[in-house]
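One file, protein.txt, is given below (compact mmCIF, C-alpha atoms).
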# COMPACT_ATOMS: atom_id res chain seq x y z
CA MET A 1 28.57 10.93 33.68
CA SER A 2 28.92 8.22 31.06
CA HIS A 3 27.66 10.37 28.17
CA GLU A 4 30.37 12.94 28.83
CA LYS A 5 32.95 10.23 28.24
CA ASP A 6 31.37 8.57 25.21
CA PRO A 7 28.28 10.30 23.85
CA ASP A 8 27.84 7.69 21.10
CA LEU A 9 27.81 4.82 23.56
CA TYR A 10 25.46 6.70 25.84
CA LEU A 11 23.05 7.39 22.96
CA ASP A 12 23.10 3.72 21.93
CA GLN A 13 22.40 2.66 25.50
CA GLN A 14 19.47 5.06 25.74
CA VAL A 15 18.08 3.86 22.42
CA ALA A 16 18.34 0.24 23.58
CA ARG A 17 16.27 1.15 26.63
CA LEU A 18 13.40 2.60 24.62
CA SER A 19 10.23 0.62 24.96
CA ARG A 20 9.17 -1.48 21.99
CA GLU A 21 5.56 -0.82 22.89
CA ILE A 22 3.59 2.34 23.67
CA THR A 23 0.02 2.11 24.89
CA PRO A 24 -2.29 4.57 23.14
CA GLN A 25 -4.13 6.88 25.51
CA THR A 26 -7.35 6.61 23.53
CA ASP A 27 -9.41 3.42 23.25
CA LEU A 28 -8.80 2.89 19.55
CA TRP A 29 -10.80 -0.34 19.41
CA ALA A 30 -14.06 1.51 20.05
CA GLN A 31 -13.48 3.60 16.91
CA LEU A 32 -12.00 0.71 14.98
CA GLU A 33 -14.76 -1.85 15.44
CA PRO A 34 -17.40 -0.16 13.21
CA GLU A 35 -14.75 0.30 10.53
CA LEU A 36 -14.08 -3.45 10.56
CA ASP A 37 -17.73 -4.16 9.79
CA GLN A 38 -17.53 -1.85 6.79
CA ALA A 39 -14.25 -3.40 5.69
CA GLN A 40 -15.80 -6.86 5.93
CA ALA A 41 -18.75 -5.74 3.80
CA HIS A 42 -16.28 -4.74 1.10
CA GLN A 43 -14.53 -8.08 1.01
CA PRO A 44 -16.87 -9.76 -1.53
CA ALA A 45 -16.21 -6.90 -3.93
CA GLN A 46 -12.49 -7.46 -3.51
CA GLY A 47 -12.99 -11.13 -4.26
CA ARG A 48 -14.85 -10.24 -7.41
CA LEU A 49 -12.03 -7.93 -8.48
CA ALA A 50 -9.54 -10.72 -7.85
CA PHE A 51 -11.58 -12.94 -10.15
CA VAL A 52 -11.54 -10.27 -12.84
CA TRP A 53 -7.77 -9.89 -12.44
CA GLY A 54 -7.45 -13.63 -13.00
CA ALA A 55 -9.58 -13.40 -16.12
CA VAL A 56 -7.53 -10.50 -17.47
CA ALA A 57 -4.30 -12.34 -16.78
CA SER A 58 -5.64 -15.38 -18.67
CA VAL A 59 -6.60 -13.25 -21.64
CA LEU A 60 -3.18 -11.60 -21.66
CA LEU A 61 -1.53 -14.99 -21.64
CA VAL A 62 -3.69 -16.18 -24.53
CA GLY A 63 -2.92 -12.95 -26.38
CA VAL A 64 0.81 -13.42 -25.95
CA LEU A 65 0.55 -17.03 -27.14
CA LEU A 66 -1.45 -15.95 -30.17
CA VAL A 67 1.13 -13.32 -31.05
CA VAL A 68 3.91 -15.86 -30.71
CA THR A 69 1.94 -18.31 -32.86
CA TYR A 70 0.90 -15.95 -35.61
CA VAL A 71 3.83 -13.56 -35.91
CA PRO A 72 5.72 -14.68 -39.01
CA SER A 73 9.43 -15.24 -38.77
CA GLY A 74 12.00 -13.48 -40.95
CA ASP A 75 11.66 -10.04 -42.34
CA GLN A 76 7.95 -10.16 -43.15
CA GLN A 77 6.36 -7.01 -41.72
CA PRO A 78 2.74 -6.83 -40.52
CA ASP A 79 0.44 -4.79 -42.70
CA LEU A 80 -1.53 -2.81 -40.10
CA SER A 81 -3.81 -1.30 -42.72
CA ILE A 82 -5.23 -4.76 -43.44
CA ALA A 83 -6.33 -5.11 -39.85
CA MET A 84 -7.95 -1.70 -39.81
CA GLU A 85 -9.80 -2.48 -42.98
CA ALA A 86 -11.02 -5.80 -41.73
CA SER A 87 -14.70 -5.14 -41.32
CA ALA A 88 -15.30 -7.80 -38.66
CA GLU A 89 -12.65 -6.35 -36.37
CA ALA A 90 -13.84 -2.80 -37.00
CA GLU A 91 -17.38 -3.80 -36.12
CA VAL A 92 -16.31 -5.33 -32.83
CA ILE A 93 -14.21 -2.29 -31.92
CA THR A 94 -16.91 0.21 -32.81
CA ALA A 95 -19.58 -1.69 -30.92
CA TYR A 96 -17.65 -1.97 -27.69
CA GLU A 97 -15.39 1.07 -27.54
CA THR A 98 -18.35 3.49 -27.48
CA ALA A 99 -20.11 1.63 -24.65
CA ILE A 100 -16.86 1.36 -22.69
CA ALA A 101 -16.04 5.03 -23.17
CA GLU A 102 -19.46 6.02 -21.84
CA ARG A 103 -19.11 3.89 -18.70
CA ILE A 104 -15.58 5.17 -18.11
CA HIS A 105 -16.80 8.74 -18.38
CA VAL A 106 -19.51 8.15 -15.76
CA LEU A 107 -17.08 6.38 -13.41
CA GLN A 108 -14.36 8.95 -13.91
CA SER A 109 -16.59 11.78 -12.75
CA ALA A 110 -17.88 9.84 -9.73
CA ASP A 111 -14.87 7.95 -8.44
CA SER A 112 -12.35 9.64 -6.18
CA ASN A 113 -10.01 6.65 -6.57
CA TRP A 114 -9.92 6.96 -10.33
CA GLY A 115 -6.20 6.23 -10.42
CA ASP A 116 -6.79 2.64 -9.26
CA VAL A 117 -9.52 2.06 -11.84
CA GLU A 118 -7.36 3.56 -14.57
CA HIS A 119 -4.52 1.23 -13.60
CA GLN A 120 -6.78 -1.80 -13.96
CA LEU A 121 -8.20 -0.56 -17.25
CA GLU A 122 -4.67 -0.55 -18.59
CA MET A 123 -4.65 -4.34 -18.25
CA PHE A 124 -7.68 -4.62 -20.51
CA ARG A 125 -6.18 -2.16 -22.99
CA SER A 126 -3.00 -4.23 -23.11
CA ALA A 127 -5.02 -7.37 -23.80
CA VAL A 128 -6.90 -5.60 -26.63
CA ALA A 129 -3.62 -4.31 -28.06
CA GLU A 130 -2.08 -7.81 -27.98
CA ILE A 131 -4.99 -9.34 -29.85
CA ARG A 132 -5.14 -6.53 -32.38
CA PHE A 133 -1.46 -6.97 -33.00
CA ALA A 134 -2.09 -10.66 -33.72
CA LEU A 135 -5.01 -9.65 -35.97
CA SER A 136 -2.67 -7.49 -38.00
CA PHE A 137 -1.14 -10.74 -39.22
CA GLN A 138 -4.34 -12.79 -39.41
CA PRO A 139 -7.13 -10.24 -39.96
CA HIS A 140 -9.85 -12.81 -40.61
CA ASN A 141 -8.94 -15.31 -37.93
CA PRO A 142 -12.24 -16.15 -36.16
CA GLY A 143 -10.45 -17.25 -32.97
CA LEU A 144 -8.75 -13.88 -32.61
CA LEU A 145 -11.96 -11.99 -33.31
CA GLN A 146 -13.69 -14.04 -30.65
CA GLN A 147 -10.87 -13.27 -28.22
CA LEU A 148 -11.22 -9.57 -28.95
CA GLN A 149 -14.94 -9.73 -28.31
CA ASP A 150 -14.42 -11.69 -25.08
CA VAL A 151 -11.97 -9.10 -23.72
CA TYR A 152 -14.37 -6.27 -24.49
CA GLN A 153 -17.22 -8.14 -22.82
CA GLN A 154 -15.10 -8.78 -19.74
CA GLN A 155 -14.10 -5.12 -19.63
CA LEU A 156 -17.73 -4.03 -19.82
CA ALA A 157 -18.74 -6.53 -17.13
CA TRP A 158 -15.91 -5.32 -14.92
CA LEU A 159 -16.87 -1.67 -15.39
CA GLN A 160 -20.44 -2.62 -14.50
CA ALA A 161 -19.20 -4.36 -11.34
CA VAL A 162 -17.12 -1.32 -10.36
CA SER A 163 -20.11 0.99 -10.96
CA SER A 164 -22.35 -1.22 -8.83
CA TYR A 165 -19.74 -1.38 -6.11
CA HIS A 166 -19.39 2.40 -5.99
CA SER A 167 -23.15 2.92 -6.06
CA ALA A 168 -23.48 0.54 -3.10
CA THR A 169 -20.64 2.32 -1.26
CA LEU A 170 -22.13 5.77 -1.79
CA SER A 171 -25.69 4.76 -0.86
CA MET B 1 4.08 -18.53 16.66
CA THR B 2 2.17 -20.38 19.35
CA ASN B 3 -0.70 -22.74 18.56
CA SER B 4 -3.13 -20.46 20.33
CA GLU B 5 -2.03 -17.49 18.23
CA LYS B 6 -2.32 -19.56 15.05
CA GLY B 7 -5.82 -20.50 16.16
CA LEU B 8 -6.71 -16.87 16.75
CA ILE B 9 -5.41 -15.87 13.33
CA GLU B 10 -7.40 -18.66 11.66
CA GLN B 11 -10.56 -17.62 13.49
CA ALA B 12 -10.00 -13.98 12.55
CA GLN B 13 -9.41 -15.04 8.94
CA ALA B 14 -12.88 -16.58 9.02
CA GLY B 15 -14.32 -13.24 10.16
CA ASP B 16 -14.35 -13.78 13.93
CA LYS B 17 -14.10 -10.27 15.35
CA ALA B 18 -13.60 -11.46 18.93
CA ALA B 19 -10.48 -13.36 17.83
CA PHE B 20 -9.28 -10.30 15.95
CA ARG B 21 -9.82 -8.23 19.10
CA GLN B 22 -7.43 -10.53 20.95
CA LEU B 23 -4.81 -10.11 18.23
CA TYR B 24 -5.37 -6.36 18.40
CA ASP B 25 -4.85 -6.37 22.17
CA CYS B 26 -1.59 -8.30 21.75
CA TYR B 27 -0.12 -6.02 19.12
CA VAL B 28 -1.65 -2.55 19.43
CA GLY B 29 1.19 -1.35 21.68
CA ARG B 30 3.83 -2.37 19.18
CA VAL B 31 1.95 -0.94 16.20
CA TYR B 32 1.21 2.31 18.01
CA ALA B 33 4.88 2.68 18.99
CA ILE B 34 5.91 2.50 15.31
CA CYS B 35 3.21 4.96 14.27
CA ARG B 36 3.77 7.32 17.19
CA ARG B 37 7.49 7.60 16.57
CA LEU B 38 7.07 8.27 12.86
CA CYS B 39 4.05 10.58 13.01
CA SER B 40 4.27 14.13 14.25
CA ASP B 41 1.44 14.00 16.77
CA ARG B 42 -0.77 11.67 18.73
CA GLY B 43 -3.85 12.16 16.56
CA ARG B 44 -2.10 11.11 13.39
CA ALA B 45 -0.44 8.19 15.16
CA GLU B 46 -3.86 6.98 16.32
CA GLU B 47 -5.25 7.42 12.84
CA ALA B 48 -2.35 5.45 11.36
CA THR B 49 -2.76 2.70 13.97
CA GLN B 50 -6.43 2.29 13.09
CA GLU B 51 -5.54 2.22 9.41
CA VAL B 52 -3.02 -0.55 10.10
CA PHE B 53 -5.59 -2.77 11.81
CA ILE B 54 -8.19 -2.17 9.11
CA LYS B 55 -5.63 -3.23 6.50
CA VAL B 56 -4.72 -6.27 8.58
CA TRP B 57 -8.39 -7.22 8.90
CA ARG B 58 -8.91 -6.85 5.15
CA GLN B 59 -5.74 -8.67 4.16
CA LEU B 60 -5.83 -11.36 6.83
CA PRO B 61 -7.64 -13.91 4.62
CA GLU B 62 -4.61 -13.74 2.31
CA PHE B 63 -2.10 -14.39 5.13
CA SER B 64 -0.76 -17.88 4.42
CA PHE B 65 1.51 -18.57 7.43
CA ASN B 66 4.56 -18.61 5.15
CA SER B 67 6.02 -15.83 7.29
CA GLN B 68 5.74 -14.86 10.93
CA PHE B 69 2.52 -13.02 11.68
CA THR B 70 4.46 -10.36 13.61
CA THR B 71 6.78 -9.75 10.64
CA TRP B 72 3.77 -9.38 8.34
CA LEU B 73 1.96 -7.09 10.78
CA HIS B 74 5.02 -4.90 11.43
CA SER B 75 5.59 -4.55 7.70
CA ILE B 76 2.04 -3.24 7.25
CA ALA B 77 2.48 -0.96 10.27
CA LYS B 78 5.74 0.52 9.00
CA ARG B 79 4.44 1.11 5.49
CA THR B 80 1.26 2.71 6.78
CA ALA B 81 3.16 4.94 9.21
CA ILE B 82 5.59 5.93 6.46
CA ASP B 83 2.66 6.77 4.16
CA MET B 84 1.27 8.99 6.92
CA TRP B 85 4.72 10.53 7.45
CA ARG B 86 4.95 11.20 3.70
CA ARG B 87 1.52 12.86 3.64
CA GLU B 88 2.66 15.07 6.51
CA GLN B 89 5.70 16.15 4.49
CA VAL B 90 3.47 17.13 1.57
CA ARG B 91 1.21 19.06 3.93
CA LEU B 92 4.17 20.86 5.51
CA VAL B 93 5.52 21.86 2.10
CA GLU B 94 2.08 23.02 0.95
CA VAL B 95 1.54 25.28 3.94
CA GLY B 96 5.14 26.50 3.81
CA ASP B 97 5.85 25.26 7.30
CA GLU B 98 9.36 24.49 8.45
CA HIS B 99 10.42 20.90 7.87
CA GLU B 100 10.55 20.02 11.49
CA SER B 101 8.16 17.96 13.49
CA GLU B 102 6.16 19.50 16.24
CA ALA B 103 8.00 19.35 19.52
CA THR B 104 5.76 17.41 21.81
CA ALA B 105 5.88 16.54 25.43
CA GLU B 106 2.60 14.71 25.55
CA ASP B 107 1.47 11.12 26.09
CA ALA B 108 4.10 8.45 26.49
CA PHE B 109 7.00 10.69 25.62
CA ASP B 110 8.11 11.50 29.14
CA ASN B 111 11.48 10.04 28.16
CA GLN B 112 13.95 12.77 27.19
CA LEU B 113 15.31 10.80 24.24
CA GLU B 114 11.80 10.21 22.87
CA GLN B 115 11.13 13.93 23.05
CA ALA B 116 14.44 14.73 21.37
CA ILE B 117 13.63 12.25 18.57
CA GLN B 118 10.31 14.01 18.02
CA ARG B 119 12.09 17.34 17.67
CA LEU B 120 14.41 16.06 14.93
CA PRO B 121 13.91 17.32 11.36
CA ALA B 122 11.35 15.09 9.64
CA GLN B 123 13.66 13.05 7.41
CA ALA B 124 16.31 12.65 10.08
CA LYS B 125 13.64 11.47 12.50
CA ALA B 126 12.21 8.89 10.09
CA VAL B 127 15.65 7.55 9.22
CA PHE B 128 16.74 7.38 12.85
CA VAL B 129 13.56 5.58 13.96
CA LEU B 130 13.81 3.04 11.14
CA VAL B 131 17.54 2.38 11.54
CA ALA B 132 18.22 2.71 15.26
CA ILE B 133 14.91 1.54 16.71
CA GLU B 134 13.37 -0.69 14.03
CA GLY B 135 16.68 -2.19 12.92
CA HIS B 136 16.53 -1.53 9.18
CA THR B 137 19.59 -1.16 6.98
CA HIS B 138 20.19 2.10 5.12
CA ARG B 139 19.40 0.33 1.86
CA GLU B 140 16.00 -0.75 3.21
CA VAL B 141 15.33 2.74 4.55
CA ALA B 142 16.26 4.24 1.18
CA GLU B 143 13.63 2.04 -0.48
CA LEU B 144 11.00 2.71 2.17
CA LEU B 145 11.42 6.49 2.14
CA HIS B 146 12.25 6.80 -1.58
CA ILE B 147 15.57 8.48 -0.90
CA ALA B 148 19.16 7.66 -1.82
CA GLU B 149 21.10 5.33 0.43
CA GLY B 150 23.67 8.07 0.93
CA SER B 151 20.92 10.46 2.04
CA SER B 152 19.76 7.92 4.58
CA LYS B 153 23.27 7.73 6.01
CA SER B 154 23.69 11.49 6.17
CA HIS B 155 20.28 11.97 7.82
CA TYR B 156 21.18 9.28 10.34
CA PHE B 157 24.50 10.94 11.10
CA ARG B 158 22.80 14.30 11.55
CA ALA B 159 20.14 12.76 13.79
CA ARG B 160 22.79 11.21 16.01
CA GLN B 161 24.62 14.51 16.31
CA LEU B 162 21.45 16.34 17.31
CA LEU B 163 20.43 13.64 19.77
CA LYS B 164 23.84 13.55 21.40
CA GLU B 165 23.63 17.32 21.85
CA ALA B 166 20.17 17.02 23.33
CA LEU B 167 21.24 14.31 25.74
CA SER B 168 24.33 16.25 26.76
CA HIS B 169 22.03 18.91 28.20
CA GLU B 170 20.49 16.31 30.44
CA SER B 171 21.10 17.25 34.03
Can you turn what I pasted into structure tokens?
Amino acid sequence: MSHEKDPDLYLDQQVARLSREITPQTDLWAQLEPELDQAQAHQPAQGRLAFVWGAVASVLLVGVLLVVTYVPSGDQQPDLSIAMEASAEAEVITAYETAIAERIHVLQSADSNWGDVEHQLEMFRSAVAEIRFALSFQPHNPGLLQQLQDVYQQQLAWLQAVSSYHSATLS
Amino acid sequence: MTNSEKGLIEQAQAGDKAAFRQLYDCYVGRVYAICRRLCSDRGRAEEATQEVFIKVWRQLPEFSFNSQFTTWLHSIAKRTAIDMWRREQVRLVEVGDEHESEATAEDAFDNQLEQAIQRLPAQAKAVFVLVAIEGHTHREVAELLHIAEGSSKSHYFRARQLLKEALSHES
């Protein structure tokens, strides 16, 4: 037999003869079709998340540009204490961080896919960190404070959208 | 890609389930073959196949015809089947089972080589299926399975040895 002479060649020949297609014994479409309806119902939520991703990316870009614009050249070091003492910035942070923390806590206990949400929250946190870094150089810059407020508002709106989405999914 | 297939994809992108059904009919055999060879039993292969088509349905609006539809579909199928394969490995480790797939003689595996492939140790089986049947390089397999390229080669070598032994017992 050929495989007694060259087992490698025989194996390769047998592999080449394997079918590229196998027909499932079960009618998978019957089980699949209802799932497609559910998947379709989720698509608007995905579109909304894509919009939020776009918004976060824009804010990050603006943050990076602000840092590049406001970071002084040479050996001047940022005085972080100035930023922390800036009352306007502190007010914004206090107002939003508490509300955000509460919503995160509710979502965290209800959402089995918390890892995905956490990953997206990191984008917002990065944006906040970028702007706060820029504020450390220009603590009273109204444009930066407005940016900070905008990011927090977007984060709250996004958390609200995620909560609504999960409520709709669970109901 | 034929014009009729492009038309079907465009209709399915717009939410036409009948068009998607036709695409499903065209490709379910190919997708199931990938899933069946990588998964340890028929049930999981069917589950993975359904998961593939749900992902395709969800992601179809983003398909931009920059690549072949079949390439895109097979990529989703392979990644989904590998995810299922990986979950099986975790399950096997958790229950302290041996790291070998269940030997099966059911469904389409009346071919002796197919049955021998199913009896291979899990990693050797996955590597062999991806290299010998799906045509991936060891580098690609290393990325897909999160193993070293050298490990992929040694698993492949071991798989070939075991398969040659199995085929040598063929009467």
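Going from CA of Pro121 in chain B to CA of Cys35 in chain B covers 16.6 Å.
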What separates CA of Leu121 in chain A and CA of Leu159 in chain A is a distance of 8.9 Å
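CA of Ile82 in chain B is positioned 25.6 Å from CA of Asp37 in chain A.
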Skipping near chain neighbours, those fewer than 6 positions away, what residues fall within 10 Å of Leu145 in chain B using only C-alpha atoms, listed as a VMD selection string? chain B and resid 79 82 to 83 85 to 86 123 126 to 127 130 152
When the cut-off is 6 Å and we count all atoms listed in the file, which residues of chain A are near chain B, given as a PyMOL selection string? chain A and resi 21-23
With C-alpha atoms retained, export the selected residues as a short mmCIF file (atom, residue, chain, number, x, y, z; two decimals), in the coordinates of the input.
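Written file, result_23.cif:
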data_model
loop_
_atom_site.label_atom_id
_atom_site.label_comp_id
_atom_site.auth_asym_id
_atom_site.auth_seq_id
_atom_site.Cartn_x
_atom_site.Cartn_y
_atom_site.Cartn_z
CA GLU A 21 5.56 -0.82 22.89
CA ILE A 22 3.59 2.34 23.67
CA THR A 23 0.02 2.11 24.89
#
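Using only C-alpha atoms for every distance, the candidate list B:Ala148, B:Trp72, B:Asn3, B:Glu88 yields B:Glu88 as the residue closest to Ser40 in chain B.
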If the box runs along x, y and z of the file and leaves 6 Å on each side of range 125-136 of chain A, what are its centre and edge lengths in Å, one decimal, as lines of an AutoDock Vina configuration file?
center_x = -4.2
center_y = -6.4
center_z = -30.5
size_x = 17.4
size_y = 20.5
size_z = 27.0
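Minimum atom-to-atom distances from A:Pro34, A:Pro7, A:Gln120, A:Glu89 to Ser136 in chain A were compared using all atoms listed in the file, and the lowest value belongs to A:Glu89.
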At a cut-off of 7 Å, using all atoms listed in the file, what residues contact range 143-150 of chain A? Leave out same-chain residues fewer than 6 positions from it and give the result as a ChimeraX atom specification. /A:89,92,128,131,135
Can you pull out every residue within 9 Å of Phe124 in chain A, counting all atoms listed in the file, but drop anything in the same chain fewer than 2 positions away, and send it as JSON, numbers by chain? {"A": [56, 59, 60, 120, 121, 122, 126, 127, 128, 129, 151, 152, 154, 155]}
Keeping only C-alpha atoms, write the selected residues as an mmCIF file, keeping the file's coordinate frame.
data_model
loop_
_atom_site.group_PDB
_atom_site.id
_atom_site.type_symbol
_atom_site.label_atom_id
_atom_site.label_comp_id
_atom_site.auth_asym_id
_atom_site.auth_seq_id
_atom_site.Cartn_x
_atom_site.Cartn_y
_atom_site.Cartn_z
ATOM 1 C CA VAL A 56 -7.530 -10.500 -17.470
ATOM 2 C CA VAL A 59 -6.600 -13.250 -21.640
ATOM 3 C CA LEU A 60 -3.180 -11.600 -21.660
ATOM 4 C CA GLN A 120 -6.780 -1.800 -13.960
ATOM 5 C CA LEU A 121 -8.200 -0.560 -17.250
ATOM 6 C CA GLU A 122 -4.670 -0.550 -18.590
ATOM 7 C CA SER A 126 -3.000 -4.230 -23.110
ATOM 8 C CA ALA A 127 -5.020 -7.370 -23.800
ATOM 9 C CA VAL A 128 -6.900 -5.600 -26.630
ATOM 10 C CA ALA A 129 -3.620 -4.310 -28.060
ATOM 11 C CA VAL A 151 -11.970 -9.100 -23.720
ATOM 12 C CA TYR A 152 -14.370 -6.270 -24.490
ATOM 13 C CA GLN A 154 -15.100 -8.780 -19.740
ATOM 14 C CA GLN A 155 -14.100 -5.120 -19.630
#
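Proximity ranking of A:Val15, A:Ala161, A:Leu156, A:Leu9 relative to Ile117 in chain B places A:Val15 first, based on all atoms listed in the file.
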